[in-house]
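**Student:** Next up, entry.pdb (PDB, C-alpha atoms).
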ATOM      1  CA  ALA A   9      -4.422  66.818  47.962  1.00  0.00           C
ATOM      2  CA  ILE A  10      -3.924  64.952  44.681  1.00  0.00           C
ATOM      3  CA  ALA A  11      -2.955  61.740  46.502  1.00  0.00           C
ATOM      4  CA  CYS A  12      -6.090  61.970  48.661  1.00  0.00           C
ATOM      5  CA  THR A  13      -8.261  62.514  45.599  1.00  0.00           C
ATOM      6  CA  LEU A  14      -6.679  59.576  43.787  1.00  0.00           C
ATOM      7  CA  THR A  15      -7.125  57.393  46.873  1.00  0.00           C
ATOM      8  CA  TYR A  16     -10.799  58.383  47.079  1.00  0.00           C
ATOM      9  CA  PHE A  17     -11.441  57.514  43.431  1.00  0.00           C
ATOM     10  CA  LEU A  18      -9.627  54.177  43.707  1.00  0.00           C
ATOM     11  CA  PHE A  19     -11.566  53.268  46.854  1.00  0.00           C
ATOM     12  CA  ALA A  20     -14.843  54.348  45.217  1.00  0.00           C
ATOM     13  CA  ALA A  21     -14.081  52.232  42.129  1.00  0.00           C
ATOM     14  CA  PHE A  22     -13.280  49.245  44.345  1.00  0.00           C
ATOM     15  CA  VAL A  23     -16.581  49.560  46.234  1.00  0.00           C
ATOM     16  CA  ILE A  24     -18.567  50.100  43.025  1.00  0.00           C
ATOM     17  CA  GLY A  25     -16.876  47.028  41.512  1.00  0.00           C
ATOM     18  CA  TYR A  26     -17.700  45.016  44.611  1.00  0.00           C
ATOM     19  CA  LEU A  27     -21.371  46.029  44.415  1.00  0.00           C
ATOM     20  CA  ALA A  28     -21.457  45.230  40.713  1.00  0.00           C
ATOM     21  CA  SER A  29     -19.938  41.798  41.311  1.00  0.00           C
ATOM     22  CA  LEU A  30     -22.707  41.041  43.811  1.00  0.00           C
ATOM     23  CA  ALA A  31     -25.504  42.271  41.545  1.00  0.00           C
ATOM     24  CA  LEU A  32     -24.349  41.306  38.045  1.00  0.00           C
ATOM     25  CA  ALA A  33     -23.298  37.929  36.703  1.00  0.00           C
ATOM     26  CA  PRO A  34     -20.438  37.380  34.266  1.00  0.00           C
ATOM     27  CA  GLY A  35     -21.763  37.829  30.750  1.00  0.00           C
ATOM     28  CA  THR A  36     -24.175  40.615  31.692  1.00  0.00           C
ATOM     29  CA  PRO A  37     -24.708  42.824  28.624  1.00  0.00           C
ATOM     30  CA  PHE A  38     -22.690  46.031  28.276  1.00  0.00           C
ATOM     31  CA  SER A  39     -25.772  48.249  28.633  1.00  0.00           C
ATOM     32  CA  GLN A  40     -26.852  46.678  31.924  1.00  0.00           C
ATOM     33  CA  VAL A  41     -23.368  46.929  33.429  1.00  0.00           C
ATOM     34  CA  LEU A  42     -23.168  50.547  32.261  1.00  0.00           C
ATOM     35  CA  GLN A  43     -26.570  51.288  33.787  1.00  0.00           C
ATOM     36  CA  PHE A  44     -25.793  49.701  37.165  1.00  0.00           C
ATOM     37  CA  VAL A  45     -22.231  50.976  37.539  1.00  0.00           C
ATOM     38  CA  GLY A  46     -23.129  54.404  36.149  1.00  0.00           C
ATOM     39  CA  THR A  47     -25.940  54.762  38.678  1.00  0.00           C
ATOM     40  CA  ALA A  48     -23.682  53.682  41.545  1.00  0.00           C
ATOM     41  CA  GLY A  49     -21.050  56.121  40.289  1.00  0.00           C
ATOM     42  CA  LEU A  50     -23.588  58.928  40.094  1.00  0.00           C
ATOM     43  CA  LEU A  51     -24.559  58.336  43.713  1.00  0.00           C
ATOM     44  CA  THR A  52     -20.911  58.100  44.739  1.00  0.00           C
ATOM     45  CA  TYR A  53     -19.634  61.158  42.930  1.00  0.00           C
ATOM     46  CA  CYS A  54     -22.657  63.504  43.115  1.00  0.00           C
ATOM     47  CA  ALA A  55     -24.841  62.783  46.117  1.00  0.00           C
ATOM     48  CA  ALA A  56     -22.251  63.836  48.691  1.00  0.00           C
ATOM     49  CA  HIS A  57     -22.328  67.421  47.380  1.00  0.00           C
ATOM     50  CA  PHE A  58     -25.997  68.100  48.045  1.00  0.00           C
ATOM     51  CA  PRO A  59     -25.724  68.647  51.829  1.00  0.00           C
ATOM     52  CA  HIS A  60     -23.377  71.534  51.010  1.00  0.00           C
ATOM     53  CA  VAL A  61     -26.216  73.183  49.108  1.00  0.00           C
ATOM     54  CA  PHE A  62     -28.613  72.774  52.019  1.00  0.00           C
ATOM     55  CA  TRP A  63     -26.242  73.794  54.814  1.00  0.00           C
ATOM     56  CA  PHE A  64     -23.833  76.225  53.195  1.00  0.00           C
ATOM     57  CA  GLN A  65     -25.843  77.660  50.270  1.00  0.00           C
ATOM     58  CA  ARG A  66     -23.137  76.623  47.787  1.00  0.00           C
ATOM     59  CA  LYS A  67     -23.573  76.417  44.063  1.00  0.00           C
ATOM     60  CA  ILE A  68     -22.519  72.966  42.923  1.00  0.00           C
ATOM     61  CA  ALA A  69     -23.326  72.863  39.216  1.00  0.00           C
ATOM     62  CA  MET A  70     -19.730  72.190  38.119  1.00  0.00           C
ATOM     63  CA  GLU A  71     -19.199  69.608  40.867  1.00  0.00           C
ATOM     64  CA  VAL A  72     -22.334  67.766  39.758  1.00  0.00           C
ATOM     65  CA  LEU A  73     -21.223  67.957  36.118  1.00  0.00           C
ATOM     66  CA  ASP A  74     -17.831  66.520  37.114  1.00  0.00           C
ATOM     67  CA  GLY A  75     -19.649  63.761  39.019  1.00  0.00           C
ATOM     68  CA  VAL A  76     -21.813  62.893  36.026  1.00  0.00           C
ATOM     69  CA  VAL A  77     -18.760  62.699  33.761  1.00  0.00           C
ATOM     70  CA  MET A  78     -16.927  60.507  36.284  1.00  0.00           C
ATOM     71  CA  ALA A  79     -19.997  58.252  36.648  1.00  0.00           C
ATOM     72  CA  ILE A  80     -20.240  57.787  32.873  1.00  0.00           C
ATOM     73  CA  LEU A  81     -16.509  57.070  32.577  1.00  0.00           C
ATOM     74  CA  THR A  82     -16.678  54.589  35.460  1.00  0.00           C
ATOM     75  CA  GLY A  83     -19.664  52.847  33.852  1.00  0.00           C
ATOM     76  CA  VAL A  84     -18.011  52.617  30.436  1.00  0.00           C
ATOM     77  CA  ILE A  85     -14.738  51.296  31.864  1.00  0.00           C
ATOM     78  CA  PHE A  86     -16.436  48.636  33.996  1.00  0.00           C
ATOM     79  CA  ALA A  87     -18.775  47.640  31.161  1.00  0.00           C
ATOM     80  CA  SER A  88     -15.851  47.365  28.745  1.00  0.00           C
ATOM     81  CA  PHE A  89     -13.914  45.021  31.021  1.00  0.00           C
ATOM     82  CA  TRP A  90     -16.872  43.055  32.438  1.00  0.00           C
ATOM     83  CA  PRO A  91     -16.110  39.310  32.254  1.00  0.00           C
ATOM     84  CA  ALA A  92     -17.823  37.170  29.651  1.00  0.00           C
ATOM     85  CA  ALA A  93     -20.013  34.255  30.637  1.00  0.00           C
ATOM     86  CA  ALA A  94     -18.144  31.055  31.415  1.00  0.00           C
ATOM     87  CA  GLY A  95     -18.453  28.245  28.955  1.00  0.00           C
TER      88      GLY A  95
END
Would you mind writing the file's structure down as structure tokens?
**Tutor:**
Amino acid sequence: AIACTLTYFLFAAFVIGYLASLALAPGTPFSQVLQFVGTAGLLTYCAAHFPHVFWFQRKIAMEVLDGVVMAILTGVIFASFWPAAAG
């Protein structure tokens, strides 16, 4: 189970990084990278839980909180390592 979870997060980070590389140029300010990647992370880590609420009447507050924390961490990490502008 842990290996599957790790694989999911690595794949999600790869896809989020790919989207960010298409949308953001090198040298994009920290706040804009954080905003874009954080939003993509929020969709990735939280949105999948909502059908469970509709179909199975589950409470998902902690899962959403975990997703928000993961989205913020993903945004901060990507923004911290975003490449500087060439030149």
**Student:** Pick out the closest residue to Asp74 of chain A from this set: A:Leu42, A:Ala28, A:Ala92, A:Cys54. Count all atoms listed in the file.
**Tutor:**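 Comparing A:Leu42, A:Ala28, A:Ala92, A:Cys54 against Asp74 of chain A, the winner is A:Cys54.
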**Student:** To test your reading of the syntax: which residues would the PyMOL selection byres ((chain A and resi 44) around 10) return for the file shown? Reply as an MDAnalysis selection string.
**Tutor:** chainID A and resid 24 27:28 31:32 39:43 45:50 83 86:87
**Student:** For each of A:Pro37, A:Lys67, A:Ser29, A:Thr52, take the minimum atom-to-atom distance to Tyr16 of chain A, counting only C-alpha atoms, then give the residue where this is smallest.
**Tutor:** A:Thr52
**Student:** From the list A:Gly75, A:Cys12, A:Leu81, A:Phe38, which residue is nearest Ala56 of chain A when using all atoms listed in the file?
**Tutor:**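 Ranking A:Gly75, A:Cys12, A:Leu81, A:Phe38 by distance to Ala56 of chain A, first place goes to A:Gly75.
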**Student:** Quick one: what's the axis-aligned box for segment 77-94 of chain A, all listed atoms, 5 Å on every side, centre and edges in Å to one decimal, as AutoDock Vina command-line options?
**Tutor:**
--center_x -17.1 --center_y 46.9 --center_z 32.7 --size_x 16.3 --size_y 41.6 --size_z 17.9
**Student:** For atom CA of Ser88 of chain A and atom CA of Thr36 of chain A, quote the distance in Å rounded to one decimal.
**Tutor:**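 About the pair atom CA of Ser88 of chain A and atom CA of Thr36 of chain A: they are 11.1 Å apart.
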**Student:** Using the partial input, fill out segment 33-45 of chain A with N, CA and C atoms; write the result as a PDB file, in the frame of the given file.
**Tutor:**
ATOM      1  N   ALA A  33     -24.015  39.169  37.018  1.00  0.00           N
ATOM      2  CA  ALA A  33     -23.298  37.929  36.703  1.00  0.00           C
ATOM      3  C   ALA A  33     -22.323  38.163  35.552  1.00  0.00           C
ATOM      4  N   PRO A  34     -21.290  37.323  35.457  1.00  0.00           N
ATOM      5  CA  PRO A  34     -20.438  37.380  34.266  1.00  0.00           C
ATOM      6  C   PRO A  34     -21.304  37.184  33.011  1.00  0.00           C
ATOM      7  N   GLY A  35     -20.990  37.914  31.986  1.00  0.00           N
ATOM      8  CA  GLY A  35     -21.763  37.829  30.750  1.00  0.00           C
ATOM      9  C   GLY A  35     -22.932  38.791  30.685  1.00  0.00           C
ATOM     10  N   THR A  36     -23.116  39.598  31.717  1.00  0.00           N
ATOM     11  CA  THR A  36     -24.175  40.615  31.692  1.00  0.00           C
ATOM     12  C   THR A  36     -23.891  41.575  30.544  1.00  0.00           C
ATOM     13  N   PRO A  37     -24.926  41.927  29.773  1.00  0.00           N
ATOM     14  CA  PRO A  37     -24.708  42.824  28.624  1.00  0.00           C
ATOM     15  C   PRO A  37     -24.118  44.180  29.025  1.00  0.00           C
ATOM     16  N   PHE A  38     -23.365  44.747  28.089  1.00  0.00           N
ATOM     17  CA  PHE A  38     -22.690  46.031  28.276  1.00  0.00           C
ATOM     18  C   PHE A  38     -23.641  47.085  28.828  1.00  0.00           C
ATOM     19  N   SER A  39     -24.837  47.195  28.237  1.00  0.00           N
ATOM     20  CA  SER A  39     -25.772  48.249  28.633  1.00  0.00           C
ATOM     21  C   SER A  39     -26.240  48.105  30.079  1.00  0.00           C
ATOM     22  N   GLN A  40     -26.418  46.879  30.545  1.00  0.00           N
ATOM     23  CA  GLN A  40     -26.852  46.678  31.924  1.00  0.00           C
ATOM     24  C   GLN A  40     -25.730  46.982  32.918  1.00  0.00           C
ATOM     25  N   VAL A  41     -24.513  46.600  32.564  1.00  0.00           N
ATOM     26  CA  VAL A  41     -23.368  46.929  33.429  1.00  0.00           C
ATOM     27  C   VAL A  41     -23.193  48.446  33.478  1.00  0.00           C
ATOM     28  N   LEU A  42     -23.280  49.091  32.327  1.00  0.00           N
ATOM     29  CA  LEU A  42     -23.168  50.547  32.261  1.00  0.00           C
ATOM     30  C   LEU A  42     -24.247  51.207  33.111  1.00  0.00           C
ATOM     31  N   GLN A  43     -25.471  50.711  33.016  1.00  0.00           N
ATOM     32  CA  GLN A  43     -26.570  51.288  33.787  1.00  0.00           C
ATOM     33  C   GLN A  43     -26.336  51.141  35.289  1.00  0.00           C
ATOM     34  N   PHE A  44     -25.990  49.945  35.734  1.00  0.00           N
ATOM     35  CA  PHE A  44     -25.793  49.701  37.165  1.00  0.00           C
ATOM     36  C   PHE A  44     -24.602  50.482  37.702  1.00  0.00           C
ATOM     37  N   VAL A  45     -23.455  50.329  37.056  1.00  0.00           N
ATOM     38  CA  VAL A  45     -22.231  50.976  37.539  1.00  0.00           C
ATOM     39  C   VAL A  45     -22.336  52.491  37.400  1.00  0.00           C
TER      40      VAL A  45
END
